[in-house]
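Shown here: work30.pdb, PDB, C-alpha atoms.
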ATOM      1  CA  MET A  17     298.779 -83.226  10.282
ATOM      2  CA  SER A  18     299.120 -80.608   7.590
ATOM      3  CA  GLU A  19     296.391 -79.474   5.265
ATOM      4  CA  SER A  20     297.850 -81.294   2.227
ATOM      5  CA  GLU A  21     298.106 -84.574   4.193
ATOM      6  CA  LEU A  22     294.464 -84.236   5.271
ATOM      7  CA  THR A  23     293.367 -83.579   1.680
ATOM      8  CA  LEU A  24     295.333 -86.606   0.476
ATOM      9  CA  LEU A  25     293.760 -88.817   3.198
ATOM     10  CA  ILE A  26     290.240 -87.651   2.257
ATOM     11  CA  LEU A  27     290.922 -88.357  -1.419
ATOM     12  CA  GLN A  28     292.279 -91.843  -0.596
ATOM     13  CA  VAL A  29     289.241 -92.709   1.560
ATOM     14  CA  GLY A  30     286.877 -91.360  -1.110
ATOM     15  CA  PHE A  31     288.631 -93.387  -3.809
ATOM     16  CA  LEU A  32     288.450 -96.518  -1.613
ATOM     17  CA  LEU A  33     284.705 -96.001  -1.059
ATOM     18  CA  LEU A  34     284.190 -95.475  -4.792
ATOM     19  CA  MET A  35     286.033 -98.714  -5.552
ATOM     20  CA  TRP A  36     283.894-100.644  -3.032
ATOM     21  CA  LEU A  37     280.715 -99.218  -4.555
ATOM     22  CA  PHE A  38     281.894-100.410  -7.954
ATOM     23  CA  VAL A  39     282.632-103.905  -6.575
ATOM     24  CA  PHE A  40     279.159-104.099  -4.986
ATOM     25  CA  ALA A  41     277.526-102.956  -8.228
ATOM     26  CA  VAL A  42     279.354-105.661 -10.199
ATOM     27  CA  VAL A  43     278.452-108.360  -7.646
ATOM     28  CA  PHE A  44     274.799-107.259  -7.638
ATOM     29  CA  ALA A  45     274.658-107.294 -11.453
ATOM     30  CA  LEU A  46     276.195-110.783 -11.598
ATOM     31  CA  ARG A  47     273.859-112.048  -8.869
ATOM     32  CA  SER A  48     270.746-110.736 -10.612
ATOM     33  CA  ASP A  49     271.913-112.182 -13.941
ATOM     34  CA  VAL A  50     272.589-115.632 -12.470
ATOM     35  CA  PHE A  51     269.718-115.895  -9.978
ATOM     36  CA  GLY A  52     267.278-113.380 -11.418
ATOM     37  CA  VAL A  53     265.270-110.738  -9.669
ATOM     38  CA  ARG A  54     262.529-111.759  -7.275
ATOM     39  CA  VAL A  55     259.137-111.250  -8.828
ATOM     40  CA  ARG A  56     255.924-111.093  -6.849
ATOM     41  CA  LYS A  57     253.492-113.762  -8.013
ATOM     42  CA  LEU A  58     250.142-112.610  -9.292
ATOM     43  CA  PRO A  59     247.025-113.952  -7.550
ATOM     44  CA  GLU A  60     245.863-115.655 -10.764
ATOM     45  CA  THR A  61     249.114-117.658 -10.937
ATOM     46  CA  ALA A  62     248.757-118.787  -7.330
ATOM     47  CA  SER A  63     245.126-119.845  -7.777
ATOM     48  CA  ALA A  64     245.816-121.710 -11.031
ATOM     49  CA  ARG A  65     248.136-124.199  -9.360
ATOM     50  CA  PRO A  66     245.909-125.719  -6.613
ATOM     51  CA  SER A  67     242.805-126.238  -8.741
ATOM     52  CA  LYS A  68     241.555-125.469 -12.210
ATOM     53  CA  ARG A  69     238.027-124.325 -11.317
ATOM     54  CA  PRO A  70     238.792-121.087  -9.374
ATOM     55  CA  SER A  71     240.921-119.681 -12.241
ATOM     56  CA  PRO A  72     238.200-118.024 -14.358
ATOM     57  CA  PRO A  73     236.614-115.999 -11.490
ATOM     58  CA  ALA A  74     240.054-115.017 -10.111
ATOM     59  CA  ALA A  75     241.361-113.847 -13.501
ATOM     60  CA  PRO A  76     239.050-111.222 -14.988
ATOM     61  CA  ALA A  77     241.635-110.349 -17.661
ATOM     62  CA  ALA A  78     241.325-113.868 -19.114
ATOM     63  CA  ALA A  79     237.505-113.660 -19.351
ATOM     64  CA  PRO A  80     237.339-112.307 -22.949
ATOM     65  CA  ALA A  81     239.278-115.269 -24.386
ATOM     66  CA  PRO A  82     236.785-117.959 -23.228
ATOM     67  CA  ARG A  83     233.844-115.826 -24.421
ATOM     68  CA  ALA A  84     235.410-115.544 -27.885
ATOM     69  CA  ALA A  85     235.856-119.302 -27.968
ATOM     70  CA  ALA A  86     232.259-119.872 -26.855
ATOM     71  CA  ALA A  87     230.950-117.579 -29.574
ATOM     72  CA  SER A  88     232.049-119.978 -32.315
ATOM     73  CA  PRO A  89     231.654-123.519 -30.978
ATOM     74  CA  SER A  90     231.062-124.974 -34.456
ATOM     75  CA  SER A  91     234.416-123.730 -35.815
ATOM     76  CA  PRO A  92     237.291-126.196 -36.060
ATOM     77  CA  ALA A  93     239.873-126.297 -33.266
ATOM     78  CA  THR A  94     241.796-123.171 -34.136
ATOM     79  CA  THR A  95     244.572-121.747 -32.032
ATOM     80  CA  ALA A  96     242.377-118.961 -30.634
ATOM     81  CA  THR A  97     240.357-121.526 -28.708
ATOM     82  CA  ALA A  98     243.342-121.847 -26.378
ATOM     83  CA  SER A  99     242.623-120.071 -23.117
ATOM     84  CA  ARG A 100     245.617-121.219 -21.067
ATOM     85  CA  ILE A 101     249.229-122.263 -21.309
ATOM     86  CA  VAL A 102     250.332-125.385 -19.407
ATOM     87  CA  ILE A 103     253.946-126.312 -18.662
ATOM     88  CA  THR A 104     254.226-130.066 -19.197
ATOM     89  CA  SER A 105     257.914-130.629 -18.376
ATOM     90  CA  GLY A 106     260.780-128.649 -16.930
ATOM     91  CA  PRO A 107     261.418-126.727 -13.718
ATOM     92  CA  LYS A 108     257.836-125.403 -13.480
ATOM     93  CA  ALA A 109     255.987-128.532 -14.673
ATOM     94  CA  GLY A 110     252.274-128.381 -13.890
ATOM     95  CA  LEU A 111     252.031-124.581 -13.858
ATOM     96  CA  GLU A 112     249.037-123.165 -15.736
ATOM     97  CA  LEU A 113     248.641-119.564 -16.796
ATOM     98  CA  PRO A 114     245.597-117.974 -18.415
ATOM     99  CA  LEU A 115     246.152-116.487 -21.867
ATOM    100  CA  GLY A 116     244.722-113.052 -22.440
ATOM    101  CA  THR A 117     244.530-111.188 -25.705
ATOM    102  CA  ASP A 118     247.963-109.671 -25.251
ATOM    103  CA  THR A 119     251.440-110.717 -26.306
ATOM    104  CA  LEU A 120     253.198-113.181 -23.970
ATOM    105  CA  THR A 121     256.992-113.036 -23.871
ATOM    106  CA  ILE A 122     258.798-116.160 -22.689
ATOM    107  CA  GLY A 123     262.297-116.063 -21.264
ATOM    108  CA  ARG A 124     264.648-115.924 -18.310
ATOM    109  CA  SER A 125     264.235-112.181 -17.720
ATOM    110  CA  SER A 126     262.048-111.076 -14.835
ATOM    111  CA  GLU A 127     260.264-108.794 -17.311
ATOM    112  CA  ALA A 128     258.993-111.750 -19.366
ATOM    113  CA  GLY A 129     255.356-112.754 -19.031
ATOM    114  CA  LEU A 130     256.365-116.389 -18.516
ATOM    115  CA  VAL A 131     259.670-116.581 -16.642
ATOM    116  CA  ILE A 132     261.645-119.790 -17.204
ATOM    117  CA  ARG A 133     264.836-120.060 -15.197
ATOM    118  CA  ASP A 134     267.196-122.535 -16.821
ATOM    119  CA  ASP A 135     270.597-122.325 -18.467
ATOM    120  CA  TYR A 136     269.221-123.091 -21.946
ATOM    121  CA  THR A 137     266.702-120.235 -22.068
ATOM    122  CA  SER A 138     267.607-116.754 -23.290
ATOM    123  CA  SER A 139     266.464-113.701 -21.341
ATOM    124  CA  GLN A 140     263.988-112.868 -24.146
ATOM    125  CA  HIS A 141     263.594-116.271 -25.801
ATOM    126  CA  ALA A 142     260.240-116.410 -27.621
ATOM    127  CA  ARG A 143     256.945-114.596 -28.002
ATOM    128  CA  LEU A 144     253.320-115.715 -28.332
ATOM    129  CA  VAL A 145     251.198-113.207 -30.239
ATOM    130  CA  LEU A 146     247.475-113.349 -30.944
ATOM    131  CA  ARG A 147     246.902-112.372 -34.590
ATOM    132  CA  GLY A 148     243.277-112.429 -35.556
ATOM    133  CA  ASP A 149     242.052-115.800 -34.304
ATOM    134  CA  GLN A 150     245.440-117.547 -34.209
ATOM    135  CA  TRP A 151     248.213-117.687 -31.630
ATOM    136  CA  MET A 152     251.552-117.222 -33.373
ATOM    137  CA  LEU A 153     254.936-118.294 -31.967
ATOM    138  CA  GLN A 154     258.061-116.320 -32.795
ATOM    139  CA  ASP A 155     261.638-117.005 -31.744
ATOM    140  CA  LEU A 156     263.437-113.871 -30.530
ATOM    141  CA  ASP A 157     266.906-114.781 -31.860
ATOM    142  CA  SER A 158     267.493-117.161 -28.959
ATOM    143  CA  THR A 159     270.741-119.086 -28.673
ATOM    144  CA  ASN A 160     269.225-122.587 -28.374
ATOM    145  CA  GLY A 161     266.128-122.053 -30.512
ATOM    146  CA  THR A 162     262.398-122.490 -30.041
ATOM    147  CA  PHE A 163     260.619-125.634 -31.244
ATOM    148  CA  HIS A 164     256.950-126.134 -32.106
ATOM    149  CA  ASP A 165     255.827-129.724 -32.552
ATOM    150  CA  GLY A 166     259.459-130.816 -33.095
ATOM    151  CA  GLN A 167     260.222-128.194 -35.768
ATOM    152  CA  ARG A 168     262.531-125.239 -35.125
ATOM    153  CA  VAL A 169     260.795-121.846 -35.321
ATOM    154  CA  ALA A 170     262.624-119.222 -37.357
ATOM    155  CA  SER A 171     262.986-115.771 -35.834
ATOM    156  CA  SER A 172     262.076-114.164 -39.149
ATOM    157  CA  SER A 173     258.709-115.893 -39.579
ATOM    158  CA  PRO A 174     256.278-116.705 -36.756
ATOM    159  CA  VAL A 175     254.328-119.968 -36.983
ATOM    160  CA  ALA A 176     250.722-120.723 -36.037
ATOM    161  CA  VAL A 177     250.469-122.701 -32.803
ATOM    162  CA  ARG A 178     248.189-125.721 -32.718
ATOM    163  CA  VAL A 179     246.306-126.473 -29.498
ATOM    164  CA  GLY A 180     248.015-129.365 -27.708
ATOM    165  CA  ALA A 181     251.198-129.272 -29.813
ATOM    166  CA  PRO A 182     254.367-129.237 -27.668
ATOM    167  CA  ILE A 183     256.404-126.022 -27.613
ATOM    168  CA  LYS A 184     259.981-126.376 -26.345
ATOM    169  CA  VAL A 185     261.927-123.424 -24.952
ATOM    170  CA  GLY A 186     265.243-124.377 -23.363
ATOM    171  CA  ALA A 187     264.646-127.365 -21.070
ATOM    172  CA  THR A 188     260.935-126.542 -20.661
ATOM    173  CA  THR A 189     258.058-127.930 -22.716
ATOM    174  CA  PHE A 190     254.578-126.396 -22.647
ATOM    175  CA  GLU A 191     251.435-126.349 -24.729
ATOM    176  CA  LEU A 192     248.353-124.275 -25.332
ATOM    177  CA  ARG A 193     245.088-125.784 -24.130
ATOM    178  CA  LYS A 194     241.398-124.936 -24.315
TER     179      LYS A 194
END

Transcribe the structure of this file into structure tokens.
Amino acid sequence: MSESELTLLILQVGFLLLMWLFVFAVVFALRSDVFGVRVRKLPETASARPSKRPSPPAAPAAAPAPRAAAASPSSPATTATASRIVITSGPKAGLELPLGTDTLTIGRSSEAGLVIRDDYTSSQHARLVLRGDQWMLQDLDSTNGTFHDGQRVASSSPVAVRVGAPIKVGATTFELRK
């Protein structure tokens, strides 16, 4: 085997390996887009499902929200009195998550705070933001829209969320509760 034949063989094998790496990268990207990336569940999510009572001690981050609600018991039922989000229908029906004082992004992406895996949910679908003493819902230019109490939420203007009013994202319905 001459030196030029050996060089050509090495180049062919290298090109073949490069093509296979490209194929694996495409398959991995498609797989993660269709099935999502595995996300480790937080302890507060796991404890919220079996019973409602262990949630407050297990979730120290959610402790400031109930204290703020307890500080003004005579005020009308504003949206800030909501301390948890409950999925009422859809693939994760029955799941409860504590609401902190931070923004909660809802979508199919594994980076969302509330991950909803269905074909009708965008990767970054909607956002819940605490502004002052009100939770605000904003659509993030989703394909199928976000609905609060039956009304479509515009991406340009967030709406105040009422406690107990249904919020629909894709095939999932949830609500904020005290």

TODO: Please provide the set of residues having any atom within 6 Å of segment 153-160 of chain A, restricted to all atoms listed in the file, with same-chain residues fewer than 2 positions apart removed, written as number ranges by chain.
DONE: A: 138, 141-144, 162, 171, 174-175

- [ ] Might you spell out which residues the PyMOL selection byres ((chain A and resi 186) around 12) would select in the displayed file, as a PyMOL selection string?
- [x] chain A and resi 105-107+122-124+131-142+155+158-163+183-185+187-190

TODO: May I ask for the distance between atom CA of Leu22 of chain A and atom CA of Phe38 of chain A, given in Å to one decimal place?
DONE: 24.4 Å

Which centre and edge lengths in Å to one decimal define the box along x, y and z that fits every listed atom of segment 21-34 of chain A plus 5 Å per side, as AutoDock Vina command-line options?
--center_x 291.1 --center_y -90.0 --center_z 0.2 --size_x 23.9 --size_y 22.9 --size_z 20.1

Open item on the list: Between atom CA of Leu113 of chain A and atom CA of Ser125 of chain A, what is the distance in Å, rounded to a tenth?
Closed with: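 Going from atom CA of Leu113 of chain A over to atom CA of Ser125 of chain A covers 17.3 Å.
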
Open item on the list: Between atom CA of Pro182 of chain A and atom CA of Asp165 of chain A, what distance in Å does the model show, to one decimal?
Closed with: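 That distance, rounded to one decimal, is 5.1 Å.
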
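Proximity of A:Gly116, A:Lys194, A:Val42, A:Gly180 to Gly129 of chain A, computed with all atoms listed in the file, is greatest for A:Gly116.
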
Complete the atom set of segment 150-172 of chain A to N, CA, C and O atoms and return it as a CSV table (one decimal), in the coordinates of the input.
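Output file part_5.csv is given in full below:
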chain,number,residue,atom,x,y,z
A,150,GLN,N,244.4,-116.6,-34.3
A,150,GLN,CA,245.4,-117.5,-34.2
A,150,GLN,C,246.5,-117.1,-33.3
A,150,GLN,O,246.9,-115.9,-33.3
A,151,TRP,N,247.0,-118.0,-32.4
A,151,TRP,CA,248.2,-117.7,-31.6
A,151,TRP,C,249.4,-118.0,-32.5
A,151,TRP,O,249.5,-119.1,-33.1
A,152,MET,N,250.3,-117.1,-32.6
A,152,MET,CA,251.6,-117.2,-33.4
A,152,MET,C,252.8,-117.3,-32.4
A,152,MET,O,252.8,-116.6,-31.4
A,153,LEU,N,253.7,-118.1,-32.8
A,153,LEU,CA,254.9,-118.3,-32.0
A,153,LEU,C,256.1,-117.8,-32.8
A,153,LEU,O,256.3,-118.1,-33.9
A,154,GLN,N,256.9,-116.9,-32.1
A,154,GLN,CA,258.1,-116.3,-32.8
A,154,GLN,C,259.3,-116.5,-31.9
A,154,GLN,O,259.2,-116.2,-30.7
A,155,ASP,N,260.4,-116.9,-32.5
A,155,ASP,CA,261.6,-117.0,-31.7
A,155,ASP,C,262.3,-115.6,-31.8
A,155,ASP,O,262.2,-114.9,-32.8
A,156,LEU,N,262.8,-115.2,-30.6
A,156,LEU,CA,263.4,-113.9,-30.5
A,156,LEU,C,265.0,-113.9,-30.6
A,156,LEU,O,265.7,-113.4,-29.7
A,157,ASP,N,265.5,-114.6,-31.7
A,157,ASP,CA,266.9,-114.8,-31.9
A,157,ASP,C,267.6,-115.4,-30.7
A,157,ASP,O,268.6,-115.0,-30.2
A,158,SER,N,266.9,-116.5,-30.1
A,158,SER,CA,267.5,-117.2,-29.0
A,158,SER,C,268.7,-118.0,-29.4
A,158,SER,O,268.8,-118.4,-30.5
A,159,THR,N,269.5,-118.3,-28.4
A,159,THR,CA,270.7,-119.1,-28.7
A,159,THR,C,270.4,-120.5,-29.0
A,159,THR,O,270.9,-121.1,-30.0
A,160,ASN,N,269.5,-121.2,-28.2
A,160,ASN,CA,269.2,-122.6,-28.4
A,160,ASN,C,268.0,-122.9,-29.2
A,160,ASN,O,267.6,-124.0,-29.4
A,161,GLY,N,267.3,-121.9,-29.6
A,161,GLY,CA,266.1,-122.1,-30.5
A,161,GLY,C,264.8,-122.4,-29.8
A,161,GLY,O,264.8,-122.7,-28.6
A,162,THR,N,263.7,-122.2,-30.5
A,162,THR,CA,262.4,-122.5,-30.0
A,162,THR,C,261.8,-123.5,-31.0
A,162,THR,O,262.0,-123.4,-32.2
A,163,PHE,N,261.1,-124.5,-30.4
A,163,PHE,CA,260.6,-125.6,-31.2
A,163,PHE,C,259.1,-125.8,-31.0
A,163,PHE,O,258.6,-125.8,-29.9
A,164,HIS,N,258.4,-125.9,-32.1
A,164,HIS,CA,257.0,-126.1,-32.1
A,164,HIS,C,256.7,-127.5,-32.8
A,164,HIS,O,257.0,-127.6,-34.0
A,165,ASP,N,256.2,-128.4,-32.0
A,165,ASP,CA,255.8,-129.7,-32.6
A,165,ASP,C,257.0,-130.4,-33.2
A,165,ASP,O,256.9,-131.0,-34.3
A,166,GLY,N,258.2,-130.2,-32.6
A,166,GLY,CA,259.5,-130.8,-33.1
A,166,GLY,C,260.2,-130.0,-34.2
A,166,GLY,O,261.3,-130.4,-34.5
A,167,GLN,N,259.6,-129.0,-34.7
A,167,GLN,CA,260.2,-128.2,-35.8
A,167,GLN,C,260.7,-126.9,-35.2
A,167,GLN,O,260.1,-126.2,-34.4
A,168,ARG,N,262.0,-126.5,-35.6
A,168,ARG,CA,262.5,-125.2,-35.1
A,168,ARG,C,261.8,-124.1,-35.7
A,168,ARG,O,261.5,-124.0,-36.9
A,169,VAL,N,261.5,-123.1,-34.9
A,169,VAL,CA,260.8,-121.8,-35.3
A,169,VAL,C,261.8,-120.8,-35.7
A,169,VAL,O,262.7,-120.5,-34.9
A,170,ALA,N,261.7,-120.3,-36.9
A,170,ALA,CA,262.6,-119.2,-37.4
A,170,ALA,C,262.2,-117.9,-36.7
A,170,ALA,O,261.1,-117.6,-36.6
A,171,SER,N,263.3,-117.1,-36.4
A,171,SER,CA,263.0,-115.8,-35.8
A,171,SER,C,262.4,-114.8,-36.9
A,171,SER,O,261.7,-113.9,-36.5
A,172,SER,N,262.6,-115.1,-38.1
A,172,SER,CA,262.1,-114.2,-39.1
A,172,SER,C,260.6,-114.4,-39.5
A,172,SER,O,259.9,-113.5,-39.9
